[in-house]
Structures are given as structure tokens and as C-alpha cells.
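K.L.:
structure-v5.txt is reproduced below (compact mmCIF, C-alpha atoms).
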```
# COMPACT_ATOMS: atom_id res chain seq x y z
CA MET A 1 0.00 0.00 0.00
CA THR A 2 1.25 3.47 -0.88
CA THR A 3 1.22 6.42 1.46
CA THR A 4 1.82 9.48 -0.72
CA THR A 5 0.74 10.77 -4.09
CA THR A 6 4.23 10.50 -5.53
CA ASP A 7 4.42 6.78 -4.68
CA ARG A 8 1.68 6.11 -7.21
CA ILE A 9 1.82 6.15 -10.99
CA LEU A 10 0.76 9.55 -12.33
CA ASN A 11 -2.50 8.85 -14.12
CA PHE A 12 -3.01 11.28 -17.02
CA SER A 13 -5.92 9.26 -18.43
CA ALA A 14 -8.84 11.19 -19.90
CA GLY A 15 -11.24 8.86 -18.09
CA PRO A 16 -11.80 6.87 -16.05
CA ALA A 17 -9.36 9.13 -14.33
CA THR A 18 -7.56 10.06 -11.13
CA LEU A 19 -9.60 10.04 -7.93
CA PRO A 20 -8.61 11.80 -4.70
CA GLU A 21 -6.46 9.57 -2.54
CA PRO A 22 -8.42 10.27 0.68
CA VAL A 23 -11.57 9.16 -1.14
CA LEU A 24 -9.91 5.93 -2.23
CA ARG A 25 -8.77 5.28 1.34
CA GLN A 26 -12.26 5.82 2.71
CA ALA A 27 -13.77 3.62 0.01
CA GLN A 28 -11.37 0.82 0.94
CA SER A 29 -12.81 0.84 4.42
CA ASP A 30 -16.45 1.34 3.43
CA LEU A 31 -16.38 -1.48 0.90
CA TRP A 32 -15.81 -3.74 3.88
CA ASN A 33 -17.92 -2.07 6.55
CA ILE A 34 -19.71 1.26 6.15
CA ALA A 35 -20.99 3.27 9.12
CA ASN A 36 -20.20 0.41 11.51
CA SER A 37 -23.07 -1.54 9.95
CA GLY A 38 -21.02 -4.70 9.49
CA ILE A 39 -21.86 -4.61 5.75
CA GLY A 40 -20.04 -2.93 2.85
CA ILE A 41 -21.57 -0.17 0.74
CA CYS A 42 -21.97 -2.43 -2.29
CA GLU A 43 -24.05 -4.87 -0.25
CA HIS A 44 -26.54 -2.49 1.31
CA SER A 45 -30.14 -2.23 0.15
CA HIS A 46 -30.78 0.86 -1.93
CA ARG A 47 -33.85 1.47 0.26
CA GLY A 48 -32.26 0.76 3.62
CA PRO A 49 -31.32 3.38 6.23
CA VAL A 50 -27.58 3.29 5.51
CA PHE A 51 -28.01 4.09 1.84
CA ASP A 52 -30.78 6.56 2.70
CA ASN A 53 -28.13 8.55 4.53
CA VAL A 54 -25.53 8.11 1.75
CA LEU A 55 -27.95 9.51 -0.82
CA LYS A 56 -29.14 12.33 1.42
CA GLU A 57 -25.56 13.43 2.12
CA ALA A 58 -24.55 13.15 -1.55
CA VAL A 59 -27.39 15.43 -2.62
CA ALA A 60 -26.71 17.94 0.16
CA ASP A 61 -22.95 18.00 -0.44
CA CYS A 62 -23.42 18.30 -4.20
CA ARG A 63 -25.66 21.29 -3.64
CA ALA A 64 -23.11 22.81 -1.27
CA VAL A 65 -20.17 22.24 -3.64
CA GLY A 66 -21.88 23.79 -6.65
CA THR A 67 -23.88 26.42 -4.73
CA ILE A 68 -26.88 24.98 -6.55
CA PRO A 69 -30.14 26.88 -6.04
CA ASP A 70 -33.21 25.17 -4.62
CA ASP A 71 -35.08 25.43 -7.92
CA PHE A 72 -32.80 22.71 -9.36
CA GLU A 73 -33.20 18.98 -8.83
CA ILE A 74 -30.10 16.83 -8.35
CA LEU A 75 -30.40 13.41 -9.96
CA PHE A 76 -28.14 10.38 -10.19
CA LEU A 77 -28.64 8.28 -13.32
CA GLN A 78 -27.08 5.36 -15.14
CA GLY A 79 -26.07 4.80 -18.76
CA GLY A 80 -23.24 7.31 -19.01
CA ALA A 81 -23.43 10.77 -20.52
CA THR A 82 -23.95 9.17 -23.93
CA LEU A 83 -27.45 8.07 -22.92
CA GLN A 84 -28.21 11.70 -22.12
CA PHE A 85 -27.61 12.62 -25.77
CA ALA A 86 -30.84 10.81 -26.68
CA MET A 87 -32.65 11.17 -23.38
CA LEU A 88 -32.58 14.96 -23.23
CA ALA A 89 -33.91 15.18 -26.78
CA MET A 90 -36.66 12.67 -25.95
CA ASN A 91 -37.74 14.87 -23.05
CA PHE A 92 -37.36 18.33 -24.54
CA LEU A 93 -37.37 18.15 -28.36
CA GLY A 94 -41.02 17.76 -29.31
CA GLU A 95 -42.56 17.06 -32.69
CA GLY A 96 -42.19 20.02 -35.03
CA GLU A 97 -39.70 21.73 -32.73
CA VAL A 98 -36.02 22.46 -33.36
CA ALA A 99 -33.00 22.55 -31.05
CA ASN A 100 -29.76 24.48 -31.49
CA TYR A 101 -26.50 22.53 -31.16
CA LEU A 102 -22.90 23.72 -31.09
CA ASN A 103 -20.57 21.13 -32.58
CA THR A 104 -17.15 21.48 -30.97
CA GLY A 105 -15.84 17.92 -31.01
CA VAL A 106 -16.42 14.18 -31.07
CA TRP A 107 -18.94 14.07 -28.24
CA THR A 108 -21.07 16.92 -29.55
CA THR A 109 -21.00 15.25 -32.96
CA LYS A 110 -22.42 12.15 -31.29
CA SER A 111 -25.00 14.16 -29.37
CA ILE A 112 -26.19 15.73 -32.62
CA LYS A 113 -26.48 12.33 -34.27
CA GLU A 114 -28.64 11.05 -31.42
CA ALA A 115 -30.83 14.16 -31.29
CA LYS A 116 -31.52 13.93 -35.02
CA LYS A 117 -33.14 10.55 -34.40
CA ILE A 118 -35.64 12.32 -32.16
CA GLY A 119 -36.33 15.64 -33.89
CA ASN A 120 -35.03 18.64 -35.81
CA VAL A 121 -31.55 19.97 -35.13
CA ASN A 122 -29.97 23.26 -36.18
CA ILE A 123 -26.18 23.11 -36.07
CA ALA A 124 -25.53 26.65 -34.92
CA PHE A 125 -21.75 26.19 -35.05
CA GLU A 126 -19.88 23.54 -37.06
CA GLY A 127 -16.41 23.15 -35.63
CA SER A 128 -15.29 20.47 -38.06
CA ALA A 129 -14.52 23.25 -40.55
CA CYS A 130 -11.60 24.35 -38.34
CA ASN A 131 -10.79 20.84 -37.11
CA PHE A 132 -12.30 21.71 -33.73
CA ASP A 133 -9.38 23.91 -32.70
CA HIS A 134 -11.51 26.38 -30.74
CA CYS A 135 -14.89 27.06 -29.17
CA PRO A 136 -16.96 29.74 -30.88
CA ALA A 137 -17.52 33.31 -29.81
CA ASP A 138 -21.13 34.52 -29.93
CA ASP A 139 -20.65 36.10 -33.37
CA GLU A 140 -19.74 32.66 -34.80
CA ILE A 141 -22.97 31.10 -33.53
CA HIS A 142 -26.07 31.15 -35.73
CA LEU A 143 -29.13 30.26 -33.69
CA VAL A 144 -32.67 29.70 -34.93
CA ASP A 145 -35.41 31.53 -33.10
CA ASP A 146 -37.93 29.79 -30.84
CA ALA A 147 -35.70 26.76 -30.32
CA SER A 148 -36.55 24.20 -27.65
CA TYR A 149 -33.07 24.51 -26.19
CA LEU A 150 -29.39 25.16 -26.92
CA HIS A 151 -27.02 22.26 -26.30
CA TYR A 152 -23.25 22.56 -25.99
CA CYS A 153 -20.27 20.97 -24.23
CA THR A 154 -18.18 23.14 -21.91
CA ASN A 155 -14.91 21.21 -22.32
CA ASN A 156 -13.77 19.00 -25.17
CA THR A 157 -11.50 16.24 -23.88
CA ILE A 158 -10.07 15.13 -27.23
CA TYR A 159 -9.18 18.49 -28.74
CA GLY A 160 -8.33 20.21 -25.47
CA THR A 161 -10.67 23.17 -25.87
CA ARG A 162 -13.12 24.82 -23.51
CA PHE A 163 -15.72 27.57 -23.44
CA VAL A 164 -14.55 30.46 -21.28
CA ASN A 165 -18.02 32.01 -21.27
CA VAL A 166 -21.55 30.62 -21.55
CA PRO A 167 -23.00 31.18 -25.05
CA SER A 168 -25.92 33.59 -25.32
CA SER A 169 -29.34 32.04 -25.92
CA ASN A 170 -32.98 32.97 -25.45
CA ALA A 171 -33.84 29.28 -25.27
CA PRO A 172 -33.06 27.03 -22.28
CA ILE A 173 -29.41 25.99 -22.15
CA ILE A 174 -28.55 22.31 -21.68
CA CYS A 175 -24.89 21.59 -21.13
CA ASP A 176 -22.61 18.56 -21.15
CA MET A 177 -20.03 19.23 -18.42
CA SER A 178 -18.68 15.70 -18.27
CA SER A 179 -15.02 16.67 -18.27
CA ASP A 180 -14.97 19.88 -16.25
CA ILE A 181 -17.89 19.79 -13.84
CA PHE A 182 -16.96 21.35 -10.49
CA SER A 183 -13.56 22.39 -11.81
CA ARG A 184 -14.71 26.01 -11.68
CA ALA A 185 -17.68 28.05 -10.46
CA ILE A 186 -21.00 27.72 -12.32
CA ASP A 187 -23.46 30.58 -12.88
CA TRP A 188 -26.74 28.70 -12.51
CA SER A 189 -28.79 31.64 -13.78
CA LYS A 190 -27.52 30.77 -17.27
CA PHE A 191 -28.35 27.06 -17.27
CA ASP A 192 -31.48 24.95 -17.28
CA MET A 193 -29.87 21.52 -17.26
CA VAL A 194 -26.32 20.28 -16.73
CA TYR A 195 -25.17 16.69 -16.96
CA ALA A 196 -21.87 14.92 -16.48
CA GLY A 197 -20.52 11.41 -16.61
CA ALA A 198 -18.78 10.77 -13.30
CA GLN A 199 -15.56 9.17 -14.50
CA LYS A 200 -13.49 12.32 -14.99
CA ASN A 201 -14.07 14.68 -12.06
CA LEU A 202 -16.71 13.04 -9.88
CA GLY A 203 -16.27 9.31 -9.38
CA PRO A 204 -16.49 5.96 -11.16
CA SER A 205 -17.74 5.28 -14.65
CA GLY A 206 -21.36 4.31 -15.23
CA THR A 207 -22.93 6.99 -13.03
CA VAL A 208 -24.24 10.33 -14.30
CA LEU A 209 -24.99 13.52 -12.42
CA VAL A 210 -27.92 15.53 -13.77
CA ILE A 211 -28.75 18.96 -12.34
CA ILE A 212 -32.00 20.23 -13.82
CA ARG A 213 -34.24 23.21 -13.27
CA LYS A 214 -37.55 22.06 -11.79
CA SER A 215 -39.52 24.01 -14.38
CA MET A 216 -37.93 21.86 -17.09
CA LEU A 217 -39.41 18.75 -15.51
CA GLU A 218 -42.89 20.04 -16.36
CA LYS A 219 -42.03 19.63 -20.05
CA CYS A 220 -41.24 15.91 -19.86
CA PRO A 221 -43.87 13.93 -21.84
CA ASP A 222 -45.81 11.23 -20.03
CA THR A 223 -45.56 9.02 -23.12
CA LEU A 224 -41.88 8.27 -22.40
CA PRO A 225 -40.81 5.07 -20.64
CA VAL A 226 -40.38 6.00 -17.00
CA THR A 227 -36.65 5.21 -16.89
CA LEU A 228 -36.12 7.78 -19.66
CA ASN A 229 -38.29 10.47 -18.08
CA TYR A 230 -36.48 13.03 -15.93
CA SER A 231 -39.68 14.01 -14.16
CA ALA A 232 -40.44 10.41 -13.18
CA ILE A 233 -36.89 9.90 -11.93
CA ALA A 234 -37.00 13.12 -9.92
CA ALA A 235 -40.35 12.14 -8.37
CA LYS A 236 -38.69 9.01 -6.98
CA GLY A 237 -35.55 10.75 -5.77
CA SER A 238 -33.24 8.93 -8.21
CA ARG A 239 -34.62 5.59 -6.95
CA LEU A 240 -37.18 4.79 -9.60
CA ASN A 241 -35.32 1.49 -9.82
CA THR A 242 -32.12 0.25 -8.17
CA PRO A 243 -29.63 3.09 -8.61
CA PRO A 244 -25.83 2.76 -8.95
CA THR A 245 -25.32 2.71 -5.20
CA PHE A 246 -21.53 2.55 -5.18
CA GLY A 247 -21.26 5.26 -7.81
CA ILE A 248 -23.48 7.56 -5.77
CA TYR A 249 -21.53 6.77 -2.61
CA LEU A 250 -18.18 7.51 -4.25
CA MET A 251 -19.45 10.73 -5.82
CA GLY A 252 -20.64 11.75 -2.38
CA GLN A 253 -17.15 11.16 -1.02
CA VAL A 254 -15.68 13.30 -3.81
CA PHE A 255 -18.10 16.11 -2.94
CA LYS A 256 -16.92 15.94 0.67
CA TRP A 257 -13.31 16.06 -0.51
CA ILE A 258 -13.94 19.19 -2.60
CA LEU A 259 -15.54 20.90 0.38
CA GLU A 260 -12.64 19.90 2.63
CA GLU A 261 -10.17 21.24 0.05
CA GLY A 262 -11.77 24.68 0.20
CA GLY A 263 -14.59 24.43 -2.32
CA LEU A 264 -14.71 25.47 -5.96
CA GLN A 265 -12.83 28.74 -5.43
CA GLU A 266 -9.77 26.82 -4.25
CA ILE A 267 -10.24 24.02 -6.80
CA GLU A 268 -10.49 26.51 -9.69
CA ALA A 269 -7.36 28.38 -8.59
CA ARG A 270 -5.48 25.11 -8.26
CA ASN A 271 -6.61 23.96 -11.70
CA GLU A 272 -5.47 27.23 -13.27
CA HIS A 273 -2.08 26.82 -11.60
CA LYS A 274 -1.70 23.20 -12.70
CA ALA A 275 -2.56 23.92 -16.32
CA ASP A 276 -0.26 26.97 -16.38
CA ILE A 277 2.67 24.82 -15.25
CA ILE A 278 2.23 22.46 -18.19
CA TYR A 279 1.35 25.05 -20.83
CA HIS A 280 4.40 27.10 -19.81
CA ALA A 281 6.66 24.09 -20.33
CA LEU A 282 5.12 23.43 -23.74
CA ASP A 283 5.24 27.07 -24.85
CA SER A 284 8.82 27.45 -23.66
CA ASN A 285 9.78 24.63 -26.01
CA SER A 286 7.60 25.64 -28.95
CA ASP A 287 10.25 24.56 -31.44
CA PHE A 288 9.67 20.99 -30.26
CA TYR A 289 6.04 20.89 -29.05
CA THR A 290 2.84 22.11 -30.70
CA THR A 291 -0.35 22.56 -28.71
CA PHE A 292 -3.60 21.91 -30.53
CA ALA A 293 -6.13 24.38 -29.15
CA ARG A 294 -6.08 28.09 -29.86
CA ASP A 295 -4.79 30.08 -26.91
CA CYS A 296 -8.21 31.65 -26.26
CA CYS A 297 -9.84 28.29 -25.68
CA ARG A 298 -7.23 26.13 -23.98
CA SER A 299 -8.72 23.53 -21.66
CA ARG A 300 -7.56 23.38 -18.06
CA MET A 301 -8.51 19.71 -17.84
CA ASN A 302 -7.14 18.18 -21.07
CA ILE A 303 -3.93 19.40 -22.69
CA SER A 304 -3.55 18.03 -26.23
CA PHE A 305 -0.18 18.44 -27.96
CA LYS A 306 2.38 16.74 -30.15
CA THR A 307 6.13 16.66 -30.62
CA LYS A 308 7.86 17.68 -33.84
CA ALA A 309 7.52 14.18 -35.37
CA PRO A 310 5.38 11.05 -34.82
CA GLU A 311 8.41 8.98 -33.94
CA PHE A 312 9.12 11.34 -31.05
CA ASP A 313 5.49 11.01 -29.90
CA ALA A 314 6.05 7.26 -29.62
CA LEU A 315 9.36 7.73 -27.84
CA PHE A 316 7.73 10.24 -25.48
CA LEU A 317 5.26 7.57 -24.39
CA GLU A 318 8.02 5.04 -23.83
CA GLU A 319 10.23 7.33 -21.81
CA SER A 320 7.40 8.86 -19.76
CA ALA A 321 6.30 5.37 -18.75
CA THR A 322 9.73 4.74 -17.25
CA GLN A 323 9.17 7.89 -15.16
CA GLY A 324 5.93 6.58 -13.69
CA MET A 325 3.55 8.38 -16.05
CA SER A 326 0.56 6.72 -17.68
CA GLY A 327 -2.33 7.60 -20.01
CA LEU A 328 -0.53 10.17 -22.17
CA LYS A 329 -1.41 8.79 -25.59
CA GLY A 330 -3.66 11.11 -27.59
CA HIS A 331 -7.13 10.08 -28.67
CA ARG A 332 -7.28 8.01 -31.86
CA ASP A 333 -9.31 10.74 -33.61
CA LEU A 334 -6.56 13.33 -33.11
CA GLY A 335 -3.35 11.46 -32.39
CA GLY A 336 -0.38 13.02 -30.68
CA LEU A 337 -0.29 13.25 -26.90
CA ARG A 338 -2.66 14.36 -24.18
CA ALA A 339 -2.29 15.11 -20.49
CA SER A 340 -5.54 15.11 -18.53
CA VAL A 341 -5.20 16.83 -15.16
CA TYR A 342 -8.62 16.78 -13.52
CA ASN A 343 -9.43 18.08 -10.03
CA ALA A 344 -7.79 15.18 -8.20
CA PHE A 345 -4.58 15.23 -10.23
CA PRO A 346 -1.84 16.56 -7.91
CA VAL A 347 0.06 19.81 -8.42
CA GLU A 348 3.34 18.00 -7.85
CA GLY A 349 2.44 15.65 -10.69
CA CYS A 350 2.13 18.63 -13.03
CA GLU A 351 5.51 19.88 -11.85
CA ARG A 352 7.11 16.50 -12.51
CA PHE A 353 5.50 16.37 -15.93
CA ALA A 354 6.68 19.88 -16.84
CA GLU A 355 10.21 18.93 -15.93
CA PHE A 356 9.96 15.82 -18.09
CA LEU A 357 8.67 17.91 -21.00
CA LYS A 358 11.74 20.13 -20.74
CA THR A 359 14.30 17.35 -20.42
CA PHE A 360 12.74 15.31 -23.25
CA ALA A 361 12.79 18.30 -25.60
CA ALA A 362 16.40 19.08 -24.67
CA ALA A 363 17.45 15.49 -25.26
CA HIS A 364 15.80 15.12 -28.65
```
Please go through the file and, once you have read it, give me the structure as C-alpha cells.
P.N.:
Amino acid sequence: MTTTTTDRILNFSAGPATLPEPVLRQAQSDLWNIANSGIGICEHSHRGPVFDNVLKEAVADCRAVGTIPDDFEILFLQGGATLQFAMLAMNFLGEGEVANYLNTGVWTTKSIKEAKKIGNVNIAFEGSACNFDHCPADDEIHLVDDASYLHYCTNNTIYGTRFVNVPSSNAPIICDMSSDIFSRAIDWSKFDMVYAGAQKNLGPSGTVLVIIRKSMLEKCPDTLPVTLNYSAIAAKGSRLNTPPTFGIYLMGQVFKWILEEGGLQEIEARNEHKADIIYHALDSNSDFYTTFARDCCRSRMNISFKTKAPEFDALFLEESATQGMSGLKGHRDLGGLRASVYNAFPVEGCERFAEFLKTFAAAH
């Protein structure tokens, strides 16, 4: 068993990704015996008193972390964020209606494909024309009037881009925050629904956090199967059927960790610092490394880059592995290299990586 962050392999994976070490320690104990019940969290009834308390605390701590107003419901779902691509359209894109979508990468491309199976989609920004190297400013977005909603993704894991500001829209805004949820403050006055797969910043894969304005629930059609109806799920407090109990538990532990670390103000400052360390190392060796995203839209969570030749990309992976670094291979759709440094990724890991970037460039 390891005792410090630096004893472990540095996990740069885009997801499933690094979890806070105190959370992992607590989970080790609670898998065996949670709350002195003599039973582990994975064995408890989802309607028993122990899990009642786990769920209650997870909701309360989530609300505290995000400063989420009371007019939003907090839901825990299954199926990954990919299921939400279809599910949100099934709930909010009615017959004869149209929704605005901003296409800024692979996952928004997939969300558009799913939504088109349900109803009419207006692609208000098509990022493939610039190979997804940035997120659009408002003057690049062409919305249709009277849309059911605007859908976009705050952070694009593959291309390493992010929206700095929330796009303007008269329609409700639905947002995929899978890769940067709770990495920075959220202005809830600008959103009507936010969703995020847990496996990057919140917990284990397979569990989804949905934060949805209660007024949106009134729009959900009764004709939908209940497990695909946000209103039905909310009415049962995320326990319409057996929920992902361990996923909810672990997310709850992550929420507690964020609060103990100082909340989103501290987390955001730390994330800015971590990303700056790595970007500075890359920019200082710009004759060897090329970053993918435009400077205005650089992600703080996913840093996509490449060396001056593919053979050096391969060598970079080999040599970094010998230094206890894993998960640096770029996505197959983009290639190159990628360092994902989510909330739980340590500052000292970024410092070690920056030093490796410098020494590798100098050596080759």
C-alpha cells in the first residue's frame, strides 16, 4: 500500500481518471464495513437506512459544492453521458420543434447524431470546418429563433478546448459538463440543465450527475418510458429502480473532498495553476512541441499536444512510462499526446511532468 501521491503512478488518463487519494482510502474501508453496519456499501439495500443517509448526504454535499439553487433537482442516473444525448432530446425536443446545437468535437458530434433521431436539429456552429481547434464566440454562432433549447459541451476532452463564457441564448441551455464539472464556479442563472458522466471529475464510470431546473421537468412527456423520463426519476428521488449505489456513494465522497479542500474557489485556482505549469513548459519549447487548441480556448482539464515528429510522440510515451507516467497517448481521432489533469490530479504531478517535457525536448 502506498502512502503518498508521488508513490503512485501519475495517471493522465482522460477517463476513467484520477480520484482523490483520501476518497480511495475511505472507500477501501467502506467497501468492507460502512458506518459500523457490518456490511459494505456495495451490499446495502438501496432502500435501507444506511443508503438513505448516503444519498441524502450526496445530494446535500453536491448542492453545497456547486452552490446549486433550490429550484434545481439533483439526480443520479445510469447509462453514461452518452445516454443523455438521446434522453434529453426525448424529453425536450417535441414534434415540429427544433434545437440548437454547437458542434465542438467528437462528443457533440455524437450528441447531434442522437438528437436527429428524435427531432429537428440546427447546427448553430460547425467546428469540423476548423478541425475543432476552438470554441466559438457569440458572433460565430447562428441560432434559430424559438428553439426548444441550446445544447453545448463546456470542455472537449479530445481536442483540449473549452468555453470560457456561456453562449448567449434565449432558449433554455442544456450543457454537457462531463469533463470539467466542479472544476470552476457555475453561474446557474444561465443554465437549465447540466449533466456529467462521473468518471473524470466526480467518481467511477457508469454513473451520471444531472442537475435540472424544476420548471424543465414540467415539459417531460408522459408518453416516455419512466426510466427515460427526468420528471419520473425526480419524483422518486433517483430511486425509480435500483440506482448505482456505489457510484453515488463515491461521488458523495468526492463532494466531501472538494468541500474539505476549500470548495470550488480553491479548486479553480489550483486547476489554473496546474494547467499553467504544463502550458508554460510546452510554450517554452515551442520549437519541439505544438499545442492543438487556440490560446483563447485552452482547456484546463485536457492538454492536447504533439512533438515535432510522430516517432518522437512514440518515444515520449516510452520514456514517460519509465518515469511513472501513464495515459498520455492522444485520442485516436486526433493522435499526438494528451495530459488530462482533472481536479484530483496533484500539483506535484504537473511539476514533474513539466520537468519531463523540458528534459525530453532538450534530449531530442
K.L.:
I'd like to know which of A:Phe163, A:Tyr101, A:Trp107, A:Trp257 is closest to A:Gly203, using all atoms listed in the file.
P.N.:
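For A:Gly203, the nearest of the given residues is A:Trp257.
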K.L.:
As AutoDock Vina command-line options, please report the centre and edge lengths, rounded to one decimal in Å, of the axis-aligned box that holds all listed atoms of stretch 323-330 of chain A with 6 Å of padding on each of the six sides.
P.N.:
```
--center_x 2.8 --center_y 8.8 --center_z -20.6 --size_x 24.8 --size_y 16.5 --size_z 25.9
```
K.L.:
Counting only C-alpha atoms, figure out which residue out of A:Leu224, A:Ala17, A:Ile158, A:Ala185 gets nearest to A:Phe305.
P.N.:
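Nearest candidate to A:Phe305 out of A:Leu224, A:Ala17, A:Ile158, A:Ala185: A:Ile158.
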K.L.:
As a list in words, please: the residues near A:Asn170 (cut-off 9 Å, only C-alpha atoms, same-chain neighbours under 6 positions excluded).
P.N.:
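Listing them by chain and then by number gives Asp145, Asp146, Ala147, Tyr149 and Leu150 of chain A.
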K.L.:
Once you count all atoms listed in the file, what closest atom pair and distance in Å to one decimal does each residue of stretch 97-216 of chain A within 6 Å of stretch 67-72 of chain A have, with rows by chain and rising residue number, as a Markdown table?
P.N.:
```
| residue | atom | partner | partner_atom | distance |
| --- | --- | --- | --- | --- |
| A:Ile212 | CA | A:Phe72 | CA | 5.2 |
| A:Arg213 | CA | A:Phe72 | CA | 4.2 |
| A:Lys214 | CA | A:Phe72 | CA | 5.4 |
```
K.L.:
Output C-alpha atoms for every residue in the selection just made, as an mmCIF file, in the frame of the given file.
P.N.:
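Written output follows (part.cif):
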```cif
data_model
loop_
_atom_site.group_PDB
_atom_site.id
_atom_site.type_symbol
_atom_site.label_atom_id
_atom_site.label_comp_id
_atom_site.auth_asym_id
_atom_site.auth_seq_id
_atom_site.Cartn_x
_atom_site.Cartn_y
_atom_site.Cartn_z
ATOM 1 C CA ILE A 212 -32.000 20.230 -13.820
ATOM 2 C CA ARG A 213 -34.240 23.210 -13.270
ATOM 3 C CA LYS A 214 -37.550 22.060 -11.790
#
```
K.L.:
Neighbourhood query: residues within 12 Å of (-19.3, 11.4, -3.2), file coordinates, counting all atoms listed in the file; return as a count of residues only.
P.N.:
41
K.L.:
Measure the distance from atom CA of A:Val121 to atom CA of A:Ser205 in Å and round it to one decimal.
P.N.:
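Taking atom CA of A:Val121 and atom CA of A:Ser205, their separation equals 28.7 Å.
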K.L.:
What's around stretch 94-99 of chain A at 10 Å? Count only C-alpha atoms, leave out sequence neighbours fewer than 5 positions away in its own chain, and write the answer as a PyMOL selection string.
P.N.:
chain A and resi 89+112+115-116+118-124+143-151+171-172+219-221
K.L.:
Ranking A:Met90, A:Phe51, A:Asn285, A:Asn165 by minimum distance to A:Ile39 and counting only C-alpha atoms, which one comes first?
P.N.:
A:Phe51
K.L.:
Quick one, how far is atom CA of A:Pro225 from atom CA of A:Ser45?
P.N.:
24.5 Å
K.L.:
One decimal, in Å: what's the spacing between atom CA of A:Gly40 and atom CA of A:Arg25?
P.N.:
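Atom CA of A:Arg25 lies 14.0 Å from atom CA of A:Gly40.
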K.L.:
Which residue, A:His364, A:Lys236, A:Arg184, A:Lys329, has the smallest gap to A:Met301 when you use all atoms listed in the file?
P.N.:
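Ranked by minimum distance to A:Met301, first place goes to A:Arg184.
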K.L.:
Which is closer to A:His134 than all the others in A:Ala269, A:Ala293, A:Leu88, A:Cys153, using only C-alpha atoms?
P.N.:
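So, comparing all the options, the nearest one is A:Ala293.
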K.L.:
Between A:Gly327, A:Pro167, A:Gly349, A:Gly66, which has the minimum distance to A:Asn11 (counting only C-alpha atoms)?
P.N.:
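Closest residue, counting only C-alpha atoms: A:Gly327.
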K.L.:
Report as a ChimeraX atom specification all protein, DNA and RNA residues lying within 9 Å of A:Lys306, evaluated on only C-alpha atoms, omitting residues in the same chain fewer than 5 positions from it.
P.N.:
/A:288-292,312-313,330,335-338
